[in-house]
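**Q** Structure file query16.csv (CSV, C-alpha atoms) right here:
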chain,number,residue,atom,x,y,z
A,13,MET,CA,-2.3,-15.0,-6.8
A,14,GLY,CA,-5.4,-17.3,-6.9
A,15,ASN,CA,-6.1,-20.7,-8.2
A,16,THR,CA,-5.0,-22.3,-11.5
A,17,VAL,CA,-7.8,-24.5,-12.7
A,18,PRO,CA,-8.7,-26.6,-15.8
A,19,PRO,CA,-12.1,-25.7,-17.2
A,20,ASN,CA,-14.9,-28.3,-16.6
A,21,ASN,CA,-16.8,-29.7,-19.5
A,22,SER,CA,-19.6,-27.1,-19.4
A,23,ALA,CA,-17.1,-24.2,-19.2
A,24,GLY,CA,-14.9,-25.6,-21.9
A,25,SER,CA,-17.0,-24.6,-24.8
A,26,LEU,CA,-17.4,-21.1,-23.4
A,27,ILE,CA,-13.6,-20.8,-23.0
A,28,SER,CA,-13.1,-22.0,-26.6
A,29,THR,CA,-15.6,-19.4,-27.8
A,30,LEU,CA,-13.8,-16.7,-25.8
A,31,ARG,CA,-10.4,-17.7,-27.2
A,32,ALA,CA,-11.9,-17.6,-30.7
A,33,LEU,CA,-13.4,-14.2,-30.0
A,34,VAL,CA,-10.1,-12.8,-28.9
A,35,ALA,CA,-8.4,-14.1,-32.0
A,36,GLU,CA,-11.0,-12.4,-34.1
A,37,LEU,CA,-11.0,-9.1,-32.2
A,38,TYR,CA,-7.4,-8.7,-31.4
A,39,GLY,CA,-5.4,-11.4,-33.2
A,40,ALA,CA,-4.0,-12.6,-29.9
A,41,VAL,CA,-3.7,-15.7,-27.7
A,42,PRO,CA,-4.9,-14.5,-24.3
A,43,THR,CA,-4.5,-15.5,-20.7
A,44,ILE,CA,-7.9,-16.2,-19.2
A,45,CYS,CA,-8.9,-15.3,-15.6
A,46,ARG,CA,-12.2,-16.0,-13.9
A,47,ALA,CA,-14.1,-15.0,-10.7
A,48,PRO,CA,-17.3,-16.5,-9.4
A,49,GLY,CA,-20.7,-15.3,-8.5
A,50,ARG,CA,-21.8,-15.9,-5.0
A,51,VAL,CA,-24.7,-16.8,-2.9
A,52,ASN,CA,-25.1,-15.8,0.8
A,53,LEU,CA,-26.5,-18.6,2.9
A,54,ILE,CA,-27.2,-16.3,5.8
A,55,GLY,CA,-26.0,-12.9,7.1
A,56,GLU,CA,-27.6,-10.3,4.9
A,57,HIS,CA,-26.9,-6.5,5.2
A,58,THR,CA,-24.5,-7.3,8.1
A,59,ASP,CA,-21.2,-6.9,6.1
A,60,TYR,CA,-21.3,-3.1,6.0
A,61,ASN,CA,-22.1,-3.1,9.7
A,62,ASP,CA,-18.8,-4.9,10.5
A,63,GLY,CA,-20.8,-8.1,11.1
A,64,PHE,CA,-20.7,-11.7,10.2
A,65,VAL,CA,-21.7,-13.3,6.9
A,66,MET,CA,-21.7,-16.8,5.4
A,67,PRO,CA,-21.3,-16.7,1.6
A,68,ALA,CA,-20.3,-19.5,-0.8
A,69,ALA,CA,-18.8,-19.1,-4.3
A,70,LEU,CA,-21.0,-20.6,-7.0
A,71,ASP,CA,-19.9,-22.7,-10.0
A,72,LEU,CA,-21.0,-19.8,-12.2
A,73,TYR,CA,-18.1,-17.6,-13.4
A,74,THR,CA,-17.2,-14.4,-15.2
A,75,TYR,CA,-14.3,-15.0,-17.6
A,76,VAL,CA,-11.9,-12.3,-18.8
A,77,ALA,CA,-9.4,-12.9,-21.5
A,78,VAL,CA,-6.5,-10.6,-21.5
A,79,SER,CA,-3.5,-9.9,-23.9
A,80,PRO,CA,-0.9,-7.2,-23.5
A,81,ARG,CA,-0.6,-3.9,-25.5
A,82,SER,CA,2.5,-1.8,-25.9
A,83,ASP,CA,0.7,1.4,-24.9
A,84,ARG,CA,-1.4,2.5,-21.9
A,85,ARG,CA,-4.8,1.9,-23.3
A,86,LEU,CA,-7.4,-0.7,-22.5
A,87,ARG,CA,-9.9,-2.1,-25.0
A,88,ILE,CA,-12.7,-4.1,-23.4
A,89,TYR,CA,-15.3,-6.1,-25.3
A,90,SER,CA,-18.4,-7.4,-23.5
A,91,GLU,CA,-19.8,-10.4,-25.3
A,92,SER,CA,-23.1,-10.3,-23.5
A,93,LEU,CA,-23.7,-6.7,-24.5
A,94,SER,CA,-21.9,-6.9,-27.9
A,95,GLU,CA,-20.1,-3.7,-27.0
A,96,MET,CA,-16.5,-2.4,-27.2
A,97,TRP,CA,-15.3,0.2,-24.8
A,98,GLU,CA,-11.9,1.9,-24.5
A,99,LEU,CA,-10.0,3.7,-21.8
A,100,ASP,CA,-6.7,5.6,-21.5
A,101,LEU,CA,-5.1,4.6,-18.2
A,102,ASP,CA,-3.5,8.0,-17.9
A,103,SER,CA,-6.9,9.9,-17.9
A,104,ILE,CA,-9.0,7.9,-15.4
A,105,ARG,CA,-11.6,9.9,-13.5
A,106,ALA,CA,-13.7,8.7,-10.5
A,107,GLY,CA,-17.4,9.0,-10.4
A,108,ARG,CA,-20.4,7.1,-11.7
A,109,SER,CA,-21.6,7.2,-15.3
A,110,GLY,CA,-24.2,4.4,-15.0
A,111,HIS,CA,-22.5,2.4,-17.8
A,112,TRP,CA,-21.2,-1.2,-17.2
A,113,SER,CA,-17.7,0.1,-17.8
A,114,ASP,CA,-17.8,1.9,-14.4
A,115,TYR,CA,-16.7,-1.4,-12.9
A,116,VAL,CA,-13.7,-1.8,-15.3
A,117,ARG,CA,-12.7,1.8,-15.0
A,118,GLY,CA,-13.0,1.6,-11.2
A,119,VAL,CA,-10.8,-1.4,-10.9
A,120,ALA,CA,-8.2,0.1,-13.1
A,121,GLY,CA,-8.4,3.4,-11.3
A,122,VAL,CA,-8.0,1.9,-7.9
A,123,CYS,CA,-5.2,-0.4,-8.9
A,124,GLU,CA,-3.3,2.7,-10.3
A,125,SER,CA,-4.1,4.9,-7.2
A,126,SER,CA,-2.9,2.0,-5.0
A,127,GLY,CA,0.5,2.1,-6.6
A,128,TYR,CA,0.2,-0.7,-9.1
A,129,GLN,CA,1.1,0.6,-12.5
A,130,LEU,CA,-0.9,-1.2,-15.1
A,131,ARG,CA,0.1,-2.2,-18.6
A,132,GLY,CA,-2.2,-1.6,-21.5
A,133,ALA,CA,-4.4,-4.5,-22.4
A,134,ASP,CA,-7.0,-5.9,-24.8
A,135,LEU,CA,-9.7,-7.7,-22.9
A,136,ALA,CA,-12.9,-9.7,-23.7
A,137,ILE,CA,-15.5,-10.6,-21.1
A,138,MET,CA,-18.0,-13.6,-21.1
A,139,THR,CA,-20.1,-14.5,-18.1
A,140,GLU,CA,-22.3,-17.3,-16.7
A,141,VAL,CA,-23.4,-15.1,-13.7
A,142,PRO,CA,-26.9,-13.8,-14.3
A,143,ILE,CA,-27.0,-10.0,-14.1
A,144,GLY,CA,-29.4,-8.4,-11.7
A,145,ALA,CA,-30.2,-11.7,-10.0
A,146,GLY,CA,-28.6,-10.9,-6.6
A,147,LEU,CA,-25.7,-13.2,-7.3
A,148,SER,CA,-23.1,-10.4,-7.4
A,149,SER,CA,-22.3,-10.3,-11.0
A,150,SER,CA,-20.7,-6.9,-10.3
A,151,ALA,CA,-18.1,-8.4,-7.9
A,152,ALA,CA,-17.4,-11.3,-10.3
A,153,LEU,CA,-16.7,-8.7,-13.0
A,154,GLU,CA,-14.6,-6.5,-10.7
A,155,VAL,CA,-12.4,-9.4,-9.4
A,156,SER,CA,-11.9,-11.1,-12.8
A,157,ILE,CA,-10.9,-7.7,-14.3
A,158,ALA,CA,-8.5,-7.1,-11.4
A,159,TRP,CA,-6.9,-10.5,-11.8
A,160,ALA,CA,-6.6,-9.9,-15.5
A,161,LEU,CA,-5.1,-6.4,-15.3
A,162,LEU,CA,-2.7,-7.3,-12.5
A,163,SER,CA,-1.4,-10.5,-14.1
A,164,ASN,CA,-1.1,-8.7,-17.5
A,165,SER,CA,1.2,-6.2,-15.6
A,166,GLN,CA,3.2,-9.0,-14.0
A,167,THR,CA,2.0,-7.9,-10.6
A,168,THR,CA,1.2,-10.2,-7.8
A,169,VAL,CA,-1.3,-9.0,-5.1
A,170,ASP,CA,-2.7,-11.1,-2.3
A,171,PRO,CA,-6.4,-12.0,-2.6
A,172,THR,CA,-7.6,-10.0,0.3
A,173,THR,CA,-6.0,-6.8,-1.0
A,174,VAL,CA,-7.6,-7.5,-4.4
A,175,ALA,CA,-11.0,-7.8,-2.7
A,176,GLN,CA,-10.5,-4.5,-0.8
A,177,MET,CA,-9.5,-2.7,-4.0
A,178,CYS,CA,-12.5,-4.0,-5.9
A,179,GLN,CA,-14.8,-2.9,-3.0
A,180,LYS,CA,-13.2,0.6,-3.2
A,181,ALA,CA,-13.8,0.6,-7.0
A,182,GLU,CA,-17.5,0.0,-6.4
A,183,HIS,CA,-17.7,2.8,-3.8
A,184,VAL,CA,-15.8,5.4,-5.7
A,185,TYR,CA,-16.8,4.6,-9.3
A,186,ALA,CA,-20.1,2.8,-9.3
A,187,GLU,CA,-21.1,4.7,-6.1
A,188,THR,CA,-22.7,1.7,-4.4
A,189,MET,CA,-21.6,1.6,-0.8
A,190,CYS,CA,-21.3,-2.2,-0.6
A,191,GLY,CA,-19.7,-4.2,2.1
A,192,ILE,CA,-16.7,-6.5,1.6
A,193,MET,CA,-18.5,-9.8,1.4
A,194,ASP,CA,-19.0,-10.1,-2.4
A,195,GLN,CA,-15.5,-9.3,-3.4
A,196,PHE,CA,-14.0,-11.3,-0.6
A,197,ILE,CA,-15.8,-14.6,-1.4
A,198,ALA,CA,-15.0,-14.1,-5.1
A,199,CYS,CA,-11.4,-14.1,-4.1
A,200,HIS,CA,-11.4,-16.7,-1.3
A,201,GLY,CA,-14.1,-19.2,-2.2
A,202,ARG,CA,-13.4,-22.8,-1.7
A,203,ALA,CA,-15.1,-25.8,-3.4
A,204,GLY,CA,-17.5,-27.6,-1.1
A,205,HIS,CA,-17.4,-24.9,1.6
A,206,ALA,CA,-19.0,-21.8,2.8
A,207,LEU,CA,-17.0,-19.1,4.6
A,208,LEU,CA,-17.9,-17.7,8.0
A,209,LEU,CA,-16.4,-14.2,7.5
A,210,ASP,CA,-15.8,-11.6,10.1
A,211,CYS,CA,-16.2,-8.4,8.1
A,212,ARG,CA,-14.3,-6.3,10.6
A,213,SER,CA,-11.1,-8.4,11.0
A,214,LEU,CA,-11.5,-10.2,7.6
A,215,GLY,CA,-10.7,-13.4,9.4
A,216,PHE,CA,-12.6,-16.4,8.2
A,217,ASP,CA,-13.3,-20.1,8.8
A,218,LEU,CA,-14.1,-22.6,6.1
A,219,LEU,CA,-17.3,-24.5,6.8
A,220,ALA,CA,-17.9,-27.7,4.9
A,221,ILE,CA,-21.3,-28.0,3.3
A,222,PRO,CA,-22.7,-31.5,3.8
A,223,SER,CA,-22.2,-33.6,0.7
A,224,GLN,CA,-26.0,-34.4,0.5
A,225,ALA,CA,-26.9,-30.7,0.3
A,226,ARG,CA,-27.1,-28.6,-2.9
A,227,LEU,CA,-27.5,-24.9,-3.3
A,228,MET,CA,-30.6,-24.0,-5.2
A,229,VAL,CA,-30.7,-20.5,-6.5
A,230,CYS,CA,-34.1,-19.3,-7.6
A,231,ASN,CA,-34.1,-16.1,-9.7
A,232,THR,CA,-37.5,-14.5,-9.4
A,233,MET,CA,-36.9,-12.5,-12.6
A,234,VAL,CA,-37.6,-9.3,-10.7
A,235,LYS,CA,-34.6,-7.0,-11.2
A,236,HIS,CA,-33.0,-4.7,-8.7
A,237,GLU,CA,-30.8,-1.6,-9.0
A,238,HIS,CA,-29.1,-1.0,-5.7
A,239,ALA,CA,-27.5,2.3,-6.6
A,240,SER,CA,-30.8,3.9,-7.5
A,241,GLY,CA,-32.0,4.0,-3.9
A,242,GLY,CA,-32.8,1.2,-1.5
A,243,TYR,CA,-29.4,-0.3,-0.8
A,244,ASN,CA,-27.7,3.0,0.0
A,245,THR,CA,-30.7,4.2,1.9
A,246,ARG,CA,-30.5,1.1,4.2
A,247,ARG,CA,-26.8,1.8,4.8
A,248,ARG,CA,-27.5,5.4,5.8
A,249,GLU,CA,-30.3,4.2,8.1
A,250,CYS,CA,-27.8,1.9,9.9
A,251,GLU,CA,-25.4,4.8,10.2
A,252,ASP,CA,-28.1,6.9,11.7
A,253,GLY,CA,-28.8,4.2,14.2
A,254,LEU,CA,-25.2,3.9,15.1
A,255,ARG,CA,-24.8,7.6,15.8
A,256,ALA,CA,-27.9,7.6,18.1
A,257,LEU,CA,-26.7,4.6,20.0
A,258,ALA,CA,-23.1,5.8,20.3
A,259,GLN,CA,-24.3,8.6,22.5
A,260,VAL,CA,-25.2,6.1,25.2
A,261,LEU,CA,-22.8,3.3,24.2
A,262,PRO,CA,-19.6,5.2,23.5
A,263,GLY,CA,-17.5,2.1,22.9
A,264,ILE,CA,-19.4,0.9,19.8
A,265,ARG,CA,-17.9,1.3,16.3
A,266,ALA,CA,-20.7,-0.4,14.3
A,267,LEU,CA,-24.0,-2.0,14.9
A,268,ARG,CA,-22.1,-5.3,15.1
A,269,ASP,CA,-21.0,-4.1,18.6
A,270,VAL,CA,-24.6,-3.7,19.9
A,271,THR,CA,-26.4,-6.5,21.8
A,272,LEU,CA,-30.1,-7.1,21.6
A,273,GLU,CA,-30.4,-6.2,25.2
A,274,GLN,CA,-28.7,-2.9,24.6
A,275,LEU,CA,-30.9,-2.2,21.6
A,276,GLU,CA,-34.1,-2.9,23.6
A,277,LYS,CA,-32.9,-0.7,26.5
A,278,TYR,CA,-32.2,2.3,24.3
A,279,ALA,CA,-34.9,1.7,21.7
A,280,ASP,CA,-36.6,5.0,22.6
A,281,ARG,CA,-33.6,6.9,21.2
A,282,LEU,CA,-34.4,5.5,17.7
A,283,ASN,CA,-37.3,6.3,15.5
A,284,PRO,CA,-39.4,3.2,14.6
A,285,VAL,CA,-37.9,2.6,11.2
A,286,ILE,CA,-34.3,3.0,12.4
A,287,TYR,CA,-35.0,0.7,15.3
A,288,LYS,CA,-36.3,-2.0,13.0
A,289,ARG,CA,-33.2,-1.7,10.7
A,290,ALA,CA,-30.9,-2.0,13.8
A,291,ARG,CA,-32.9,-5.0,15.1
A,292,HIS,CA,-32.4,-6.9,11.9
A,293,VAL,CA,-28.6,-6.4,11.9
A,294,VAL,CA,-28.2,-7.3,15.6
A,295,THR,CA,-30.4,-10.4,15.4
A,296,GLU,CA,-28.9,-11.5,12.0
A,297,ASN,CA,-25.4,-11.5,13.4
A,298,ASP,CA,-26.5,-13.8,16.1
A,299,ARG,CA,-28.2,-16.1,13.5
A,300,VAL,CA,-25.0,-16.3,11.5
A,301,LYS,CA,-23.0,-17.6,14.5
A,302,LYS,CA,-25.7,-20.1,15.4
A,303,ALA,CA,-25.9,-21.2,11.7
A,304,ALA,CA,-22.2,-21.9,11.7
A,305,SER,CA,-22.5,-24.2,14.7
A,306,ALA,CA,-25.5,-25.9,13.0
A,307,LEU,CA,-23.4,-26.5,9.8
A,308,GLN,CA,-20.4,-27.8,11.7
A,309,THR,CA,-22.6,-30.4,13.5
A,310,GLY,CA,-24.6,-31.2,10.4
A,311,ASN,CA,-27.9,-30.0,11.9
A,312,MET,CA,-29.6,-29.0,8.7
A,313,ALA,CA,-33.0,-28.7,10.3
A,314,HIS,CA,-31.8,-26.0,12.7
A,315,PHE,CA,-29.9,-24.3,9.9
A,316,GLY,CA,-33.2,-24.2,7.9
A,317,LEU,CA,-35.1,-22.6,10.8
A,318,LEU,CA,-32.4,-19.9,11.1
A,319,MET,CA,-32.8,-19.2,7.3
A,320,ALA,CA,-36.5,-18.8,7.8
A,321,GLU,CA,-36.0,-16.4,10.7
A,322,SER,CA,-33.5,-14.4,8.5
A,323,HIS,CA,-36.0,-14.1,5.7
A,324,ARG,CA,-38.8,-12.9,8.1
A,325,SER,CA,-36.4,-10.3,9.5
A,326,LEU,CA,-35.4,-9.1,6.0
A,327,ARG,CA,-39.0,-8.9,5.0
A,328,ASP,CA,-40.4,-7.2,8.1
A,329,ASP,CA,-37.6,-5.3,9.8
A,330,TYR,CA,-35.2,-4.5,7.0
A,331,GLU,CA,-38.0,-4.3,4.3
A,332,VAL,CA,-35.9,-5.4,1.4
A,333,SER,CA,-37.9,-8.3,0.2
A,334,THR,CA,-40.6,-8.3,-2.5
A,335,PRO,CA,-43.9,-10.2,-3.0
A,336,GLU,CA,-42.1,-12.4,-5.5
A,337,LEU,CA,-39.2,-13.3,-3.2
A,338,ASP,CA,-41.7,-14.0,-0.4
A,339,LEU,CA,-43.7,-16.3,-2.7
A,340,MET,CA,-40.6,-18.2,-3.8
A,341,VAL,CA,-39.6,-18.8,-0.2
A,342,GLU,CA,-43.1,-19.9,0.7
A,343,LEU,CA,-43.3,-22.3,-2.2
A,344,ALA,CA,-39.9,-23.8,-1.4
A,345,SER,CA,-40.7,-24.2,2.3
A,346,ARG,CA,-43.6,-26.5,1.4
A,347,GLU,CA,-41.4,-28.9,-0.5
A,348,GLU,CA,-40.1,-32.1,1.0
A,349,GLY,CA,-36.3,-32.2,0.8
A,350,VAL,CA,-35.8,-28.4,1.3
A,351,PHE,CA,-33.8,-27.8,4.5
A,352,GLY,CA,-34.3,-24.1,4.4
A,353,ALA,CA,-35.1,-21.1,2.1
A,354,ARG,CA,-34.6,-17.3,2.2
A,355,MET,CA,-34.0,-14.4,0.0
A,356,THR,CA,-30.3,-13.7,-0.7
A,357,GLY,CA,-28.4,-10.6,-1.8
A,358,GLY,CA,-29.3,-7.0,-1.4
A,359,GLY,CA,-33.0,-7.5,-2.0
A,360,PHE,CA,-35.5,-5.4,-3.9
A,361,GLY,CA,-35.8,-8.4,-6.3
A,362,GLY,CA,-33.3,-11.0,-7.3
A,363,SER,CA,-33.0,-14.5,-6.0
A,364,THR,CA,-33.7,-16.8,-3.1
A,365,ILE,CA,-31.4,-19.5,-1.8
A,366,ASN,CA,-32.6,-23.0,-0.8
A,367,LEU,CA,-30.5,-25.7,0.8
A,368,VAL,CA,-31.9,-28.9,-0.7
A,369,ASP,CA,-31.3,-32.6,-0.4
A,370,ALA,CA,-29.4,-33.6,-3.5
A,371,SER,CA,-31.6,-36.6,-4.2
A,372,ARG,CA,-34.7,-34.4,-4.4
A,373,ALA,CA,-33.2,-31.3,-6.0
A,374,GLU,CA,-34.3,-31.8,-9.6
A,375,ALA,CA,-37.9,-32.7,-8.5
A,376,VAL,CA,-38.0,-29.6,-6.3
A,377,ARG,CA,-36.6,-27.5,-9.1
A,378,GLN,CA,-39.4,-28.6,-11.5
A,379,ARG,CA,-42.2,-28.0,-9.0
A,380,LEU,CA,-41.0,-24.6,-8.0
A,381,GLU,CA,-40.7,-23.5,-11.6
A,382,GLN,CA,-44.2,-24.7,-12.3
A,383,ASN,CA,-45.8,-23.3,-9.2
A,384,TYR,CA,-44.1,-19.9,-9.3
A,385,GLN,CA,-45.0,-19.5,-13.0
A,386,ALA,CA,-48.6,-20.4,-12.2
A,387,LYS,CA,-48.8,-17.8,-9.5
A,388,THR,CA,-46.9,-14.9,-11.2
A,389,GLY,CA,-47.0,-15.6,-15.0
A,390,MET,CA,-43.2,-15.3,-14.9
A,391,LYS,CA,-40.9,-18.3,-15.6
A,392,PRO,CA,-38.1,-18.3,-13.0
A,393,THR,CA,-34.5,-19.4,-13.7
A,394,ILE,CA,-33.7,-22.0,-11.1
A,395,LEU,CA,-30.1,-23.3,-10.8
A,396,ILE,CA,-28.8,-26.2,-8.8
A,397,CYS,CA,-25.3,-25.3,-7.8
A,398,GLU,CA,-22.4,-26.4,-5.7
A,399,ALA,CA,-20.0,-24.3,-3.7
A,400,SER,CA,-16.9,-23.7,-5.8
A,401,ASP,CA,-13.4,-22.1,-5.9
A,402,GLY,CA,-12.7,-18.4,-6.0
A,403,ALA,CA,-10.8,-16.4,-8.6
A,404,GLY,CA,-8.0,-17.8,-10.6
A,405,PHE,CA,-6.4,-18.6,-13.9
A,406,VAL,CA,-7.9,-21.0,-16.4
A,407,VAL,CA,-5.5,-23.5,-18.1
A,408,GLU,CA,-6.2,-26.0,-20.8
A,409,LYS,CA,-6.6,-29.6,-19.7
Would you put the structure from the file into structure tokens?

**A**
Amino acid sequence: MGNTVPPNNSAGSLISTLRALVAELYGAVPTICRAPGRVNLIGEHTDYNDGFVMPAALDLYTYVAVSPRSDRRLRIYSESLSEMWELDLDSIRAGRSGHWSDYVRGVAGVCESSGYQLRGADLAIMTEVPIGAGLSSSAALEVSIAWALLSNSQTTVDPTTVAQMCQKAEHVYAETMCGIMDQFIACHGRAGHALLLDCRSLGFDLLAIPSQARLMVCNTMVKHEHASGGYNTRRRECEDGLRALAQVLPGIRALRDVTLEQLEKYADRLNPVIYKRARHVVTENDRVKKAASALQTGNMAHFGLLMAESHRSLRDDYEVSTPELDLMVELASREEGVFGARMTGGGFGGSTINLVDASRAEAVRQRLEQNYQAKTGMKPTILICEASDGAGFVVEK
């Protein structure tokens, strides 16, 4: 189940700190699991419409140290929040509390309800994935917790099933109706590659990212909260559009099945807002497939144009961008060495993703930081990343 990896130099000190923390808290020598954050190169809000996405796992991880207990209790310590939380595995209840532990409780609850009896455990969590930045810190937490709990229970589960259980946990416990993309890439990420993922069949192709390109993640420092409104609203709007179109297109199961020609033909059956939402999904799926071809042929200029089109669609048709995201994309698009830029993640704040020439990346990072701060008064966090491996176990070198 998953990869076994030695920590790199930057992660080594974090893991040493985590081991020392576990020794102090629990007097134990733990097993350490990790799962990455992710960035989506293109294909936004298509996953819950059975569509196509192109995520990459980032070299930013959430680490979970786990050691067994003799009873059926979980103790979980969050280093970033300096908070301990406990759970009885025999008294798990579904539903959202709004506390970070919803994700842990959800993963444990879904594992149990799926027939995997868990052993009690002491856990400690440390993360490199920024929270609220649109890099899927929640999926990184869910998947790393799942890996830890299942391995602690000497249970092997295939990565796709882990992803599906973690998605269900977010639906039933955090009550965010996310698609499968975030959990899937956290499980299946591959160093140096993006994934072209079919969110209906869960089939995927590995797409090599050209060696001269770097992933530049620009956190606007504007936070989002999907569950409080916008994300779930967009999903309901897509469902409304599907119901209306299914009356005249009876074979469709999701907006993924609708062509642009069909959408235009039956546009009068949708109110203007629902029409715009559907238009984004239909055109975005087409952009993902074109972007995959561009990446396979190394045509970074065409890939960048598709990223720009995606951002405009998310801004104008899906209305999930913000002035800060738009500004960051505009500033990046002016920079020499930037192949493409767009918002990434659910929106309503968070981050943009740039594909940048590696030789110019640091200079671009510095200028974006200066220019964004001059315009907004906020200092962004800008990370130069590489596509990395998905979830697995950490072993000492």

**Q** Given the choices A:Leu72, A:Ala145, A:Val350, A:Leu257, which gets closest to Cys230 of chain A if the distance is worked out from only C-alpha atoms?

**A**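 Between A:Leu72, A:Ala145, A:Val350, A:Leu257, the residue approaching Cys230 of chain A most closely is A:Ala145.
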
**Q** Enter the distance from atom CA of Gly144 of chain A to atom CA of Gly362 of chain A, in Å, rounded to one decimal.

**A**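 Calculated distance between atom CA of Gly144 of chain A and atom CA of Gly362 of chain A is 6.4 Å.
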
**Q** Find the spatial neighbours of Thr168 of chain A, counting all atoms listed in the file, within a cut-off of 12 Å - ignore same-chain residues fewer than 4 positions away - and output them as a list in words.

**A**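 Returned residues: Met13, Gly14, Cys123, Tyr128, Gln129, Leu130, Ala158, Trp159, Ala160, Leu161, Leu162, Ser163, Asn164, Thr172, Thr173 and Val174 of chain A.
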
**Q** Could you produce a table of the residues of segment 186-241 of chain A lying within 12 Å of segment 312-319 of chain A, with the nearest pair of atoms per residue and their separation in Å rounded to one decimal, using only C-alpha atoms, ordered by chain and increasing residue number, as CSV?

**A**
residue,atom,partner,partner_atom,distance
A:Ile221,CA,A:Met312,CA,10.0
A:Pro222,CA,A:Met312,CA,8.8
A:Ser223,CA,A:Met312,CA,11.8
A:Gln224,CA,A:Met312,CA,10.5
A:Ala225,CA,A:Met312,CA,9.0
A:Arg226,CA,A:Met312,CA,11.9

**Q** One number please: atom CA of Leu282 of chain A to atom CA of Asp328 of chain A, in Å, one decimal.

**A**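 Distance reported for this atom pair: 17.0 Å.
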
**Q** Would you please work out which residue, of A:Val155, A:Ala320, A:Val119, A:Ala370, is nearest to Arg354 of chain A when using only C-alpha atoms?

**A**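 Under the stated criterion, the closest residue is A:Ala320.
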
**Q** Considering all atoms listed in the file, can you say which of A:Gly349, A:Pro67, A:Gly404, A:Pro392 comes closest to Leu218 of chain A?

**A**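 Among the listed residues, A:Pro67 lies closest to Leu218 of chain A.
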
**Q** Rounded to one decimal in Å, what is the spacing between atom CA of Tyr60 of chain A and atom CA of Asn297 of chain A?

**A**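 So the answer is 11.9 Å.
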
**Q** Render segment 397-401 of chain A from the structure in the preceding block as a file of all heavy atoms, as an mmCIF file, in the first residue's frame.

**A**
data_model
loop_
_atom_site.group_PDB
_atom_site.id
_atom_site.type_symbol
_atom_site.label_atom_id
_atom_site.label_comp_id
_atom_site.auth_asym_id
_atom_site.auth_seq_id
_atom_site.Cartn_x
_atom_site.Cartn_y
_atom_site.Cartn_z
ATOM 1 N N CYS A 397 7.757 24.588 -6.682
ATOM 2 C CA CYS A 397 7.575 23.171 -6.346
ATOM 3 C C CYS A 397 7.856 22.287 -7.553
ATOM 4 O O CYS A 397 7.953 22.748 -8.686
ATOM 5 C CB CYS A 397 6.142 22.916 -5.868
ATOM 6 S SG CYS A 397 5.632 23.877 -4.434
ATOM 7 N N GLU A 398 7.950 21.000 -7.273
ATOM 8 C CA GLU A 398 8.045 19.985 -8.308
ATOM 9 C C GLU A 398 6.974 18.930 -8.064
ATOM 10 O O GLU A 398 6.558 18.700 -6.929
ATOM 11 C CB GLU A 398 9.433 19.349 -8.315
ATOM 12 C CG GLU A 398 10.551 20.322 -8.648
ATOM 13 C CD GLU A 398 11.901 19.635 -8.808
ATOM 14 O OE1 GLU A 398 11.926 18.536 -9.402
ATOM 15 O OE2 GLU A 398 12.896 20.182 -8.339
ATOM 16 N N ALA A 399 6.530 18.308 -9.141
ATOM 17 C CA ALA A 399 5.576 17.211 -9.010
ATOM 18 C C ALA A 399 6.235 16.044 -8.289
ATOM 19 O O ALA A 399 7.375 15.681 -8.597
ATOM 20 C CB ALA A 399 5.086 16.781 -10.383
ATOM 21 N N SER A 400 5.536 15.453 -7.334
ATOM 22 C CA SER A 400 6.149 14.480 -6.434
ATOM 23 C C SER A 400 5.272 13.255 -6.254
ATOM 24 O O SER A 400 4.175 13.162 -6.807
ATOM 25 C CB SER A 400 6.410 15.152 -5.068
ATOM 26 O OG SER A 400 7.338 16.199 -5.210
ATOM 27 N N ASP A 401 5.774 12.322 -5.464
ATOM 28 C CA ASP A 401 5.081 11.050 -5.250
ATOM 29 C C ASP A 401 3.901 11.214 -4.293
ATOM 30 O O ASP A 401 3.869 12.130 -3.464
ATOM 31 C CB ASP A 401 6.039 10.009 -4.677
ATOM 32 C CG ASP A 401 7.027 9.503 -5.715
ATOM 33 O OD1 ASP A 401 6.622 9.340 -6.878
ATOM 34 O OD2 ASP A 401 8.196 9.286 -5.356
#
